Every structure is written in structure tokens, then in C-alpha cells.
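Student: Take this structure first; my questions come after.
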Amino acid sequence: MLASRPGRRATLADAARGRILFGGDYNPEQWPEETWHEDVRLMKDAGVNSVTLGVFSWAKLEPRPGERDFGWLDTLMDLMRDNGIGVVLATPTSSPPPWLGRLHPETLPRDEDGRTEWWGGRQHFSHSSAVYRRHAAAITEDLAARYGRHPALTMWHINNEYCTYDYGDEAAARFRRWLRDRHGSLDALNAAWGTAFWSQGYADWEEILPPRHAHYLRNPGQVLDFKRFTSDMLLECYVAERDIVRRHTPPHIPVTTNFMPLWAGQDAWRWAEEEDVVSVDLYPDPRDPFGAQQGALVQDLTRSQARGPWMLMEQAAGAVNWRGVNHPKPRGLNRLWSLQAVARGADAVCYFQWRQSRQGAEKFHSGMVGHAGEQGRTYQEIKRLGNELALIGAQVTGSHSRGDIAILHDWDSWWAGAHEARLSTLVDHTRILTAWHRALWQARLATDFARPEHDLSAYRLVVVPQAYALTDAAIDNLLAYVRDGGTLVSGFLTGIADEHDRVRTGGMDARLRELFGIRTLHEWWPLDEGESVETDAFPGTLWSEEIEKDEDASAEVTYKGGELDGMPAVLRRGRAHYLSTLPEPDALRELLTGIAAEAGVRPVLPGLPDQVEAVRRGDLLFLLNHGRDAVTVELPGSHRDLLTQATVEGSCTLDRYGVVVLGP
Ligand code: GAL
């Protein structure tokens, strides 16, 4: 059961206190004590006001079962206090010490093939293991009791990037209990999973397993429930530790755990409700021409989950070391992407990690202080950024901006639509979500994200790139939204299935068909990679549909030639629009821009050069030059650039990767 603390919830503002938190994961246990003092000097020079300690320190804190070694951490907490640097203290439970796995092999997770995930890496814990949970609770309890009231403590960081799956026996037992709670009876479970197919009927709860390796396609309902179960088990682990640290801590200290961006394993909407601060780790590829948009997408999503300021818990100051080829960030890019996060609501800009390691699996992953040390370009740029963030902190923090457009995104739908037996594996939820967000981002239209069940009434436009599985409540919500004056644009494969992944009668929910003016959805026609379908307006990609429309719906765009000749590619009934294909990128952008304009949504600033992004946060306007060439932007009125204190009148020039933060 999830327990919540009564009374006011702590927020990021409690930790940040009018500043932008700046710093990162600090792993001093990898370094001799002299280095700690050098670290503090460099941190202060760079305006670092926050470090995250202890993320992977379990073996150091508890070298043998039940032993405690807090001496080194005492020294560090005091060192940070003495130097005015706040500590985001992590519970070390994402990387158990070797002794735990050796003495209690049941704490190690199993993959779907039954292979054990051994220690020697990290995150080798079973969320379902009672022994793991007991040991995690014990070290958390002692850590919280010791530091819960330490003056350096500003925030708790629980575990790290919860992301493990477990198909082992203890997980199987918990899965059964979870299923009993969800379905109530075996009859209900058999009905929900459609076990009449392939002789899968369950007569005893003990027969049910996680969806382990099987000869052929696994039951979609079982796979879907297992994803929900996994997210819930990890959440239970988080909540258990959160509640322990809260018991030992004054109420103004917030608790967080860091999400991986768009990670399939956690229903982040649900998790965000259990956090005081929503935080995310963000690592776009510096070579990706759409890296800035990838960042913007995750930032929009995280801000929407936080419903206010959020924390960029980790990013890289330079290269990561987990891509095939790992490129550094060119000069200025780290600053640009950091300020982009601030523009989109981040009140904390942090990194993995402070000092680049010399050993271990991440020694080639950049740090704020790289192998080149103090004189290295990376640290020098960090120092500039830290000092700039300190300049603008007071004006920026706490403010929140909402977009006029909501993009619907939902984990249940993502999970259900990802089953291995679908019509096209090219139809990938994140790929489509990214394509739609990119179109709106390029059009400089400000976007939020929402769940299909959320109150959408504040948005002028709601877009649904893909919501394969929708509950009745979600469908009612969409219908009410349009009925009450909202404009809705949906992509294909929306409302196909219910929450148990049962295809709705007619191949798509009847109420949605009526909303969009689809009389009959005869067939789906998926397209191959690189294939396109012709229409009278643009090439369609990925998918197409054989649709017969209702008489009072209008075919805005029509398929041309081939099997679908004359059928609607874009269909409209009133304020409800339906796209049965994915228009190629420019066409999608134009289409959405046109519909947005009709709904009264305008770009943040009209007429911007392509490489410039404009983002409003409160009454500030951020202009971000994503290009390597300087560019001049025309700007009506007179403004003050918070970064330089210069007055900007008529126009302003942004250098390569340049940023201005304009105040009234
Ligand atoms: C994150 C993780 C960090 C570090 C980083 C490297 O996923 O939380 O501990 O591994 O990636 O990019």
C-alpha cells in the first residue's frame, strides 16, 4: 500500500531556495581525501551548490552484513556543510554489495530465459525479493537516522534509475498476488487475458508465471499485466524507502528518484505522484541533428509530470561511454542544452558526474571535471555556466509555463501496443511520439504532455500521436473535450483496444469512429521501411488505412492510386481530425500548424530562423540558437538580457549555440 505524508509536501523550491541547483553525482569514495579538498575548491569556483552523494555506496557503507562505516560520509557531509554546498543524499540500494548476492542468491533477478543477473555490474537486485527489501530498508533506516537532520542535507534521492525486471520465482509469487488484487478471481483473469485462445485457461493461481521464455508468442494480457506489475513493484520499493527517510527528516526536505527519459519500465505518470520532486536523466547524442528536440521532448514531459519546476538530475558535460561511438559536446553545447532545460522549467541542472573516474566501467564517461582537469575546456565551460545560472536563478526559479497544446502519452497504451505480435514492428510508440513532438517543436508551438484521462479543458488543442489502448474513461474524456469546444487531432491506432488489450468491436472504439467520421475501418495497410503511400497532398509513411467515411465527415486529404485510391488519409468531423497515415515530416508540421492556428494556437515567436528556438518561462523569453553560425533575430520592443544585463532593442544577435534570457 502506498502511504503518503499528511500536510504540505516539500518541493524543489525548499531545496533550491531561489537558486538554480547546480552540481552533480559526486563519488568521492573513488578518490583520496586530498582530492576532496581540491574538489570543494573547484566546486566553489564553478558555482556548484549541490552534490549527490552515495548513489552507489552500499558496499562502502556496509562492507559486511550488518556492519556500518559512516565515518567517510560524516566527513563529507561536514565538508559540504562547511562550504555551503547542499547534499542530495542517495540511498545506495540500486547496487547491492557482493555479499548480499553471495549469501542470498534469491536477491538476484532472473531474466526471461532464467539467467541470473550476477553482481559485478549494478542494479542486480530483485524488486520482489523480501531479503533484498529487508536489507535495503535497514541501510536506508540507518542512513536516514544518521543524516536526516544534518544541515547539509537538502534532498533525498532514492535508489537510482529504477529499471530492473525479474522473472524469478519470488517475482512469480508476487505477480500472482498482484493479479489477485487486480482481477479478483481466476475467471476474471482468464477473461481479461483471453486464455480460451491456445488452451491457456488457468485453473489454479499457482499455474500462473511471469511471461518467461516460451516456444511461441506469449499471451498479450499476461505480458501487459507483467509490465504493470514490474512498474508497481519498483514503485513499492521506492515508496518503502521514501517513507523511511521521511520519518527521520524535517518536512521541508523533498524526496525524489531519477527517471530515465521515456523509459518503458516505469509508468512515470503514476510515479511522479509519489515524488516531491520529479527528476530525470537526459543524454541526447551531441551528434544527433535532433538532439535538441529529443531534449525538449523529455523536458516537456518531465515538466508536465512535475506540474511545475523539475530537476535535471543527470546529463553529461561531454561524451557518454555507452553509445557505439561517443562524441564530446562541442564548445557551447553543454551550456545551450542546460539553458534549454531551464527554459522548459528545470530549477536544477546537474550531471553525472562531478569528477571523471579513472577506473571502473565509466572511466571514459565525461565529468564536470574531466581527465584534463581544471584547465580542460569542459571544466572551464562548467564554471562559466555555473556562474551564469547563479546570475539568473532568482528571476527564473519557481515559475512555470503551460503550453496551449497537450500531447497525449500513456504507458499502458505504449505497453499494450508493443506486443510482439502486431501488424508492424516499425510502428513504435516512441518513434511516432517523437515524430509528432518534432513537428510541433519545429513549428515553435509550445507543448505539454498529458494522459488520456487527465483534465484537458485548459488546452486549445490536444494531439494523440498514438493511444492504442484506451479505457472507457479516457474515451469519455476525449469525447467531452471535443464536445466542450476542444480541437483533437489523432493519429492511427488510437482506441483500438481496451485496457486488457482486447480489440474493440469494429476494430476501433465505436464512439471514436463516430467522433472522427469513420463509418467502417475495413483494413490496416502497414508500410515497409522507406515505403510511402501517395495522397493528393503529401507522401504518407509507416501506415495507411482502408476507411469508409461517414457522409458528414470530410476527407481533407485523400489517398491517390493503389488499393486505397480515393479513401481518406486525413479525415475531419468538426473539431476532430484523424490521420490514418504518418505524413512525411514537413507535411505533418504544416498540417498540425494549420490546425493549431485554427484552434487559436500561435508559435511562441513568429518568423524565427529555423535554428532558433524560443521558449517562454513565466514572463521570461529564452532564445536558443541551435546552430553553429551566429544569427540575428528581430524582436519587437525593448528587453533586458539577464545573462549580460545588456538592453536588447529591435533585434539581437546570438552567437554559435548562443542563448539570451530576456526579461521585461
Ligand atoms: C545514468 C546513471 C549514472 C551513469 C550515467 C552515465 O543512467 O544513473 O549512474 O551511469 O547513466 O550516462
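Ordering of the C-alpha cells sets the chain letters (A, B, ...); residue numbers start at 1 within each chain; ligands are numbered from 1 in the order shown.
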Could you list, with a cut-off of 7 Å and counting only C-alpha atoms, the residues of range 2-113 of chain A near range 272-282 of chain A, each shown with its nearest atom pair and the distance in Å rounded to one decimal, rows sorted by chain and ascending number, as a Markdown table?
Tutor:
| residue | atom | partner | partner_atom | distance |
| --- | --- | --- | --- | --- |
| A:Arg9 | CA | A:Asp276 | CA | 6.4 |
| A:Ala10 | CA | A:Asp276 | CA | 5.9 |
| A:Thr11 | CA | A:Asp276 | CA | 5.6 |
| A:Leu12 | CA | A:Val277 | CA | 5.7 |
Student: Extract, using only C-alpha atoms, all DNA, RNA and protein residues at most 8 Å from Leu564 in chain A, discarding same-chain residues fewer than 5 positions from it, and format them as a ChimeraX atom specification.
Tutor: /A:545-546,559
Student: Selected residues, N, CA and C atoms, written as a PDB file, in the first residue's frame, please.
Tutor:
ATOM      1  N   GLU A 545      -4.661   3.211 -44.151  1.00  0.00           N
ATOM      2  CA  GLU A 545      -5.881   2.517 -43.744  1.00  0.00           C
ATOM      3  C   GLU A 545      -6.948   2.557 -44.824  1.00  0.00           C
ATOM      4  N   GLU A 546      -7.674   1.486 -44.874  1.00  0.00           N
ATOM      5  CA  GLU A 546      -8.793   1.399 -45.808  1.00  0.00           C
ATOM      6  C   GLU A 546     -10.047   1.787 -45.034  1.00  0.00           C
ATOM      7  N   TYR A 559      -6.059   9.401 -50.340  1.00  0.00           N
ATOM      8  CA  TYR A 559      -5.054   8.523 -50.950  1.00  0.00           C
ATOM      9  C   TYR A 559      -5.212   8.549 -52.464  1.00  0.00           C
TER      10      TYR A 559
END
Student: Give the residues close to ligand 1, within 6 Å, counting only C-alpha atoms and all ligand atoms; write them as an mmCIF file with C-alpha atoms, in the first residue's frame.
Tutor:
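Written file, result_26.cif:
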data_model
loop_
_atom_site.group_PDB
_atom_site.id
_atom_site.type_symbol
_atom_site.label_atom_id
_atom_site.label_comp_id
_atom_site.auth_asym_id
_atom_site.auth_seq_id
_atom_site.Cartn_x
_atom_site.Cartn_y
_atom_site.Cartn_z
ATOM 1 C CA ASN A 160 18.883 5.256 -8.975
ATOM 2 C CA GLU A 161 17.024 4.832 -12.253
ATOM 3 C CA VAL A 320 28.958 9.385 -22.586
ATOM 4 C CA PHE A 352 26.665 12.509 -13.903
#
Student: I want to know what sits within 9 Å of Val396 in chain A, based on only C-alpha atoms, with residues of the same chain fewer than 6 positions away left out; could you give that as a PyMOL selection string?
Tutor: chain A and resi 18-20+342-343+345+347+617-618+620
Student: When you draw a straight line from CA of Ala90 in chain A to CA of Thr52 in chain A, how long is it in Å?
Tutor: 6.7 Å
Student: As an exercise, work out the distance from CA of Leu445 in chain A to CA of Phe492 in chain A in Å and give it to one decimal place.
Tutor: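 Straight-line distance from CA of Leu445 in chain A to CA of Phe492 in chain A works out to 22.0 Å.
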Student: Measuring atom to atom with only C-alpha atoms, identify which of A:Asp586, A:Asp181, A:Glu141, A:Glu117 is nearest to Tyr165 in chain A.
Tutor: A:Glu117
Student: DSSP says strand (DSSP E or B) for which residues of range 452-497 of chain A? Put them as a list of chain:residue names?
Tutor: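 Residues of range 452-497 of chain A classed as strand (DSSP E or B): A:Leu461, A:Val462, A:Val463, A:Val464, A:Ala469, A:Thr487, A:Leu488, A:Val489, A:Ser490, A:Ala497.
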Student: Work out how far apart CA of Trp322 in chain A and CA of Ala361 in chain A are and give it in Å to one decimal.
Tutor: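 Computing the Euclidean distance for CA of Trp322 in chain A and CA of Ala361 in chain A yields 9.7 Å.
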Student: Need to verify the contact set: range 459-471 of chain A, 6 Å, only C-alpha atoms, exclusion of same-chain residues closer than 3 positions in sequence. Can you return it as a list in words?
Tutor: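 In the requested format, the answer is Asp404, Ile405, Ala406, Ile407, Leu408, Ser413, Gly417, Leu433, Leu456, Ala474, Gly486, Thr487, Leu488, Val489, Ser490, Gly491, Leu493, Thr494, Gly495, Ile496, Ala497, Asp498 and Glu499 of chain A.
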